[in-house]
Number of protein chains: 2
Amino acid sequence: MGDVAEPIERIIEELRKLPGVGPKTAARLAYSILRRPREAAERLSRAILDVKDRIRYCSRCNNFSEEDPCRYCASPNRSPESICVVEEPNDILSIERTRDYRGQYHVLHGVLSPINGVGPEDLKLSNLWERLKEGTVREVILATNPNVEGEATAIYLAKLIKPTGVKVSRIALGVPMGSDLEFADEVTMSRALEGRHEM
Amino acid sequence: MGDVAEPIERIIEELRKLPGVGPKTAARLAYSILRRPREAAERLSRAILDVKDRIRYCSRCNNFSEEDPCRYCASPNRSPESICVVEEPNDILSIERTRDYRGQYHVLHGVLSPINGVGPEDLKLSNLWERLKEGTVREVILATNPNVEGEATAIYLAKLIKPTGVKVSRIALGVPMGSDLEFADEVTMSRALEGRHEM
């Protein structure tokens with residue numbers, strides 16, 4: 001017998017399996033669910049199953065989507081000439097928020113990481129090669145994360161795509177807007193200098 | 001039409017209603033649920049409803065519990081001579097982790113807060129007065145949070161309890177001001193119990 005009742009213990013255990021949720025956060029979430037009306041718990045409970053039942057992978061770009069192809073692949077207003085490669089579906093949201101990109105996407109669902117035993121065969125790549133073979137794509141923008149693994153993945157993909165004649169670009173790495181140079185780490189600062197452009 | 005599919009939008013919306021979960025955390029949690037097997041989503045979904053269906057208030061101390069009275073009120077190994085008053089049920093866990101306290105509890109489910117319109121009538125107090133009338137209790141330990149509202153609540157309760165002749169003490173300020181009991185480490189919490197002073 002632990003310090004708390006079994007149903008509370010169990011929900012805390014289930015919540016802890018979510019990313020970034022430690023034991024204390026899980027307890028706080030559990031007690032907040034307990035304090036709210038049953039309908040609120042029902043809505044949350046249903047939303048969790050619904051998202052699993054109604055969302056699948058887009059067969060073209062691997063984005064999570066209710067329809068296949070997804071809204072980005074199906075949209076007539078988005079250029080088929082450029083594909084932006086991202087690690088995860090939520091990276092698409094970061095890019096969409098800029099309202100600057102009107103091309104297609106490709107989601108890898110991972111990143112090369114020899115330390116964690118993730119190789120090219122673990123990334124969703126086959127449908128990317130198929131789309132490149134169609135001959136419509138003119139540019140692939142590599143928008144993997146600006147860290148060791150994201151960089152390595154970008155370099156790996158660039159090496160494979162360049163010989164096909166398609167332009168390959170990498171998002172700029174530099175000091176973030178609203179930040180302070182004083183707090184920029186050496187690698188970021190070095191990249192920011194390296195990637196300077198004439199004004 | 002937003003940037004994401006409706007079921008994803010809905011689960012993000014539901015997750016955002018949890019404390020400390022902003023839009024980005026909610027998206028991260030939602031995508032992690034999407035990535036895991038359906039059985040994992042089922043377990044989480046079921047745990048959420050179970051905790052609502054099986055957990056009720058202890059009629060004696062207001063703790064969340066599967067049984068009534070709760071394990072603390074029902075335990076023959078816990079002294080009925082002292083009651084530790086806390087704001088929320090999870091505060092009990094912070095105190096239990098010290099293994100230093102073997103008395104009873106009382107959960108207020110709130111704290112006096114004139115700014116938020118919370119007065120004494122909004123706290124669960126009636127069953128505390130009933131228990132004090134039983135005549136067994138010799139000490140009430142006030143373990144409300146060490147912040148303005150928790151202090152005000154402790155002072156309010158001390159004023160009401162003292163005339164009954166029961167000893168009233170306040171946990172020591174070993175817990176840093178402005179923080180939350182939920183995040184106290186065991187040693188700090190233990191010191192706070194040890195250094196309690198009469199009010």
# chains A, B, ... in the order shown; residues from 1 in each chain; ligands from 1

$ interface_residues --of "chain B" --to "chain A" --cutoff "8 Å" --atoms "only C-alpha atoms" --output "PyMOL selection string"
chain B and resi 3-8+10-11+14-15+18-19+27-29+31-34+38+41-52+54-55+65-66+89-90+93+96+182-183

$ select_by_dssp --residues "segment 15-75 of chain B" --states "strand (DSSP E)" --output "PDB file with C-alpha atoms, in the first residue's frame"
ATOM      1  CA  ARG B  56     -14.174  10.656  -3.351  1.00  0.00           C
ATOM      2  CA  TYR B  57     -13.664  12.997  -0.389  1.00  0.00           C
ATOM      3  CA  PHE B  64      -9.127  12.321  -1.748  1.00  0.00           C
ATOM      4  CA  SER B  65      -9.649   8.617  -1.076  1.00  0.00           C
TER       5      SER B  65
END

$ residues_around --residues "Val166 of chain B" --least-positions-apart "4" --cutoff "10 Å" --atoms "only C-alpha atoms" --output "NGL selection string"
:B and (81-82 or 132 or 135-140 or 158 or 161-162)

$ atom_distance --atom1 "atom CA of Thr153 of chain A" --atom2 "atom CA of Pro23 of chain B"
27.8 Å

$ select_by_dssp --residues "segment 5-182 of chain A" --states "helix (DSSP H, G or I)" --output "ChimeraX atom specification"
/A:6-16,23-35,38-54,71-74,89-96,114-116,120-122,126-133,148-164,181-182

$ closest_residue --among "B:Leu108, B:Ala26, B:Ile115, B:Ile83" --to "Thr144 of chain B" --atoms "only C-alpha atoms"
B:Leu108

$ residues_around --residues "Arg78 of chain B" --least-positions-apart "4" --cutoff "7 Å" --atoms "only C-alpha atoms" --output "ChimeraX atom specification"
/B:102-104

$ residues_around --residues "Glu121 of chain A" --least-positions-apart "5" --cutoff "12 Å" --atoms "only C-alpha atoms" --output "list in words"
Leu108, His109, Gly110, Val111, Leu112, Ser113, Pro114 and Ser126 of chain A

$ write_last_selection --atoms "C-alpha atoms" --output "CSV table (one decimal), in the first residue's frame"
chain,number,residue,atom,x,y,z
A,108,LEU,CA,11.3,12.1,-40.9
A,109,HIS,CA,9.8,11.0,-37.5
A,110,GLY,CA,13.3,11.0,-36.1
A,111,VAL,CA,16.9,12.0,-36.6
A,112,LEU,CA,20.1,10.1,-37.1
A,113,SER,CA,21.6,9.3,-33.7
A,114,PRO,CA,24.3,6.6,-33.7
A,126,SER,CA,11.4,6.0,-48.8

$ atom_distance --atom1 "atom CA of Glu194 of chain A" --atom2 "atom CA of Pro176 of chain A"
14.9 Å

$ atom_distance --atom1 "atom CA of Pro120 of chain A" --atom2 "atom CA of Ala143 of chain A"
16.7 Å

$ closest_residue --among "B:Arg99, B:Glu186, B:Ala172, B:Ser59" --to "Asn145 of chain B" --atoms "only C-alpha atoms"
B:Ala172

$ decode --residues "segment 140-172 of chain A" --atoms "N, CA and C atoms" --output "PDB file, in the first residue's frame"
ATOM      1  N   VAL A 140      14.962  21.266 -51.827  1.00  0.00           N
ATOM      2  CA  VAL A 140      14.668  20.609 -50.556  1.00  0.00           C
ATOM      3  C   VAL A 140      15.298  21.462 -49.462  1.00  0.00           C
ATOM      4  N   ILE A 141      14.457  21.947 -48.532  1.00  0.00           N
ATOM      5  CA  ILE A 141      14.956  22.758 -47.417  1.00  0.00           C
ATOM      6  C   ILE A 141      15.092  21.841 -46.205  1.00  0.00           C
ATOM      7  N   LEU A 142      16.297  21.737 -45.666  1.00  0.00           N
ATOM      8  CA  LEU A 142      16.513  20.859 -44.522  1.00  0.00           C
ATOM      9  C   LEU A 142      16.298  21.652 -43.235  1.00  0.00           C
ATOM     10  N   ALA A 143      15.203  21.364 -42.542  1.00  0.00           N
ATOM     11  CA  ALA A 143      14.857  22.109 -41.320  1.00  0.00           C
ATOM     12  C   ALA A 143      14.896  21.186 -40.105  1.00  0.00           C
ATOM     13  N   THR A 144      15.900  20.304 -40.080  1.00  0.00           N
ATOM     14  CA  THR A 144      16.095  19.496 -38.873  1.00  0.00           C
ATOM     15  C   THR A 144      16.616  20.419 -37.773  1.00  0.00           C
ATOM     16  N   ASN A 145      16.567  19.955 -36.534  1.00  0.00           N
ATOM     17  CA  ASN A 145      16.952  20.813 -35.407  1.00  0.00           C
ATOM     18  C   ASN A 145      18.424  21.228 -35.451  1.00  0.00           C
ATOM     19  N   PRO A 146      18.718  22.436 -34.949  1.00  0.00           N
ATOM     20  CA  PRO A 146      20.099  22.929 -34.946  1.00  0.00           C
ATOM     21  C   PRO A 146      20.906  22.340 -33.794  1.00  0.00           C
ATOM     22  N   ASN A 147      21.048  21.016 -33.782  1.00  0.00           N
ATOM     23  CA  ASN A 147      21.915  20.370 -32.788  1.00  0.00           C
ATOM     24  C   ASN A 147      22.743  19.293 -33.499  1.00  0.00           C
ATOM     25  N   VAL A 148      23.585  18.595 -32.763  1.00  0.00           N
ATOM     26  CA  VAL A 148      24.515  17.657 -33.392  1.00  0.00           C
ATOM     27  C   VAL A 148      23.787  16.652 -34.288  1.00  0.00           C
ATOM     28  N   GLU A 149      22.705  16.076 -33.761  1.00  0.00           N
ATOM     29  CA  GLU A 149      22.009  15.043 -34.521  1.00  0.00           C
ATOM     30  C   GLU A 149      21.275  15.608 -35.735  1.00  0.00           C
ATOM     31  N   GLY A 150      20.648  16.785 -35.545  1.00  0.00           N
ATOM     32  CA  GLY A 150      19.943  17.432 -36.650  1.00  0.00           C
ATOM     33  C   GLY A 150      20.905  17.825 -37.759  1.00  0.00           C
ATOM     34  N   GLU A 151      22.074  18.326 -37.355  1.00  0.00           N
ATOM     35  CA  GLU A 151      23.100  18.723 -38.329  1.00  0.00           C
ATOM     36  C   GLU A 151      23.589  17.506 -39.112  1.00  0.00           C
ATOM     37  N   ALA A 152      23.868  16.424 -38.370  1.00  0.00           N
ATOM     38  CA  ALA A 152      24.362  15.205 -39.021  1.00  0.00           C
ATOM     39  C   ALA A 152      23.341  14.673 -40.013  1.00  0.00           C
ATOM     40  N   THR A 153      22.076  14.733 -39.631  1.00  0.00           N
ATOM     41  CA  THR A 153      21.010  14.255 -40.515  1.00  0.00           C
ATOM     42  C   THR A 153      20.925  15.126 -41.768  1.00  0.00           C
ATOM     43  N   ALA A 154      21.052  16.444 -41.572  1.00  0.00           N
ATOM     44  CA  ALA A 154      21.002  17.362 -42.709  1.00  0.00           C
ATOM     45  C   ALA A 154      22.156  17.074 -43.673  1.00  0.00           C
ATOM     46  N   ILE A 155      23.354  16.864 -43.120  1.00  0.00           N
ATOM     47  CA  ILE A 155      24.530  16.583 -43.963  1.00  0.00           C
ATOM     48  C   ILE A 155      24.329  15.268 -44.729  1.00  0.00           C
ATOM     49  N   TYR A 156      23.794  14.272 -44.031  1.00  0.00           N
ATOM     50  CA  TYR A 156      23.523  12.967 -44.659  1.00  0.00           C
ATOM     51  C   TYR A 156      22.545  13.116 -45.819  1.00  0.00           C
ATOM     52  N   LEU A 157      21.448  13.844 -45.582  1.00  0.00           N
ATOM     53  CA  LEU A 157      20.430  13.996 -46.622  1.00  0.00           C
ATOM     54  C   LEU A 157      20.958  14.818 -47.799  1.00  0.00           C
ATOM     55  N   ALA A 158      21.717  15.879 -47.490  1.00  0.00           N
ATOM     56  CA  ALA A 158      22.264  16.735 -48.544  1.00  0.00           C
ATOM     57  C   ALA A 158      23.136  15.925 -49.488  1.00  0.00           C
ATOM     58  N   LYS A 159      23.952  15.052 -48.913  1.00  0.00           N
ATOM     59  CA  LYS A 159      24.852  14.211 -49.719  1.00  0.00           C
ATOM     60  C   LYS A 159      24.090  13.322 -50.680  1.00  0.00           C
ATOM     61  N   LEU A 160      22.929  12.822 -50.234  1.00  0.00           N
ATOM     62  CA  LEU A 160      22.137  11.925 -51.070  1.00  0.00           C
ATOM     63  C   LEU A 160      21.318  12.671 -52.115  1.00  0.00           C
ATOM     64  N   ILE A 161      20.868  13.886 -51.758  1.00  0.00           N
ATOM     65  CA  ILE A 161      19.952  14.604 -52.654  1.00  0.00           C
ATOM     66  C   ILE A 161      20.704  15.376 -53.746  1.00  0.00           C
ATOM     67  N   LYS A 162      21.859  15.974 -53.381  1.00  0.00           N
ATOM     68  CA  LYS A 162      22.602  16.815 -54.323  1.00  0.00           C
ATOM     69  C   LYS A 162      22.854  16.161 -55.687  1.00  0.00           C
ATOM     70  N   PRO A 163      23.293  14.886 -55.730  1.00  0.00           N
ATOM     71  CA  PRO A 163      23.571  14.248 -57.028  1.00  0.00           C
ATOM     72  C   PRO A 163      22.362  14.189 -57.960  1.00  0.00           C
ATOM     73  N   THR A 164      21.118  14.310 -57.377  1.00  0.00           N
ATOM     74  CA  THR A 164      19.934  14.257 -58.231  1.00  0.00           C
ATOM     75  C   THR A 164      19.708  15.593 -58.946  1.00  0.00           C
ATOM     76  N   GLY A 165      20.521  16.620 -58.617  1.00  0.00           N
ATOM     77  CA  GLY A 165      20.380  17.913 -59.284  1.00  0.00           C
ATOM     78  C   GLY A 165      19.392  18.845 -58.605  1.00  0.00           C
ATOM     79  N   VAL A 166      18.708  18.352 -57.576  1.00  0.00           N
ATOM     80  CA  VAL A 166      17.767  19.202 -56.842  1.00  0.00           C
ATOM     81  C   VAL A 166      18.554  20.090 -55.884  1.00  0.00           C
ATOM     82  N   LYS A 167      18.173  21.377 -55.799  1.00  0.00           N
ATOM     83  CA  LYS A 167      18.840  22.302 -54.876  1.00  0.00           C
ATOM     84  C   LYS A 167      18.556  21.876 -53.426  1.00  0.00           C
ATOM     85  N   VAL A 168      19.603  21.867 -52.594  1.00  0.00           N
ATOM     86  CA  VAL A 168      19.415  21.511 -51.187  1.00  0.00           C
ATOM     87  C   VAL A 168      19.831  22.692 -50.328  1.00  0.00           C
ATOM     88  N   SER A 169      18.979  23.125 -49.417  1.00  0.00           N
ATOM     89  CA  SER A 169      19.371  24.235 -48.537  1.00  0.00           C
ATOM     90  C   SER A 169      19.120  23.865 -47.083  1.00  0.00           C
ATOM     91  N   ARG A 170      19.801  24.602 -46.207  1.00  0.00           N
ATOM     92  CA  ARG A 170      19.671  24.369 -44.768  1.00  0.00           C
ATOM     93  C   ARG A 170      19.176  25.663 -44.135  1.00  0.00           C
ATOM     94  N   ILE A 171      18.235  25.615 -43.213  1.00  0.00           N
ATOM     95  CA  ILE A 171      17.780  26.835 -42.538  1.00  0.00           C
ATOM     96  C   ILE A 171      18.982  27.488 -41.846  1.00  0.00           C
ATOM     97  N   ALA A 172      18.942  28.831 -41.743  1.00  0.00           N
ATOM     98  CA  ALA A 172      20.069  29.567 -41.171  1.00  0.00           C
ATOM     99  C   ALA A 172      20.201  29.293 -39.681  1.00  0.00           C
TER     100      ALA A 172
END
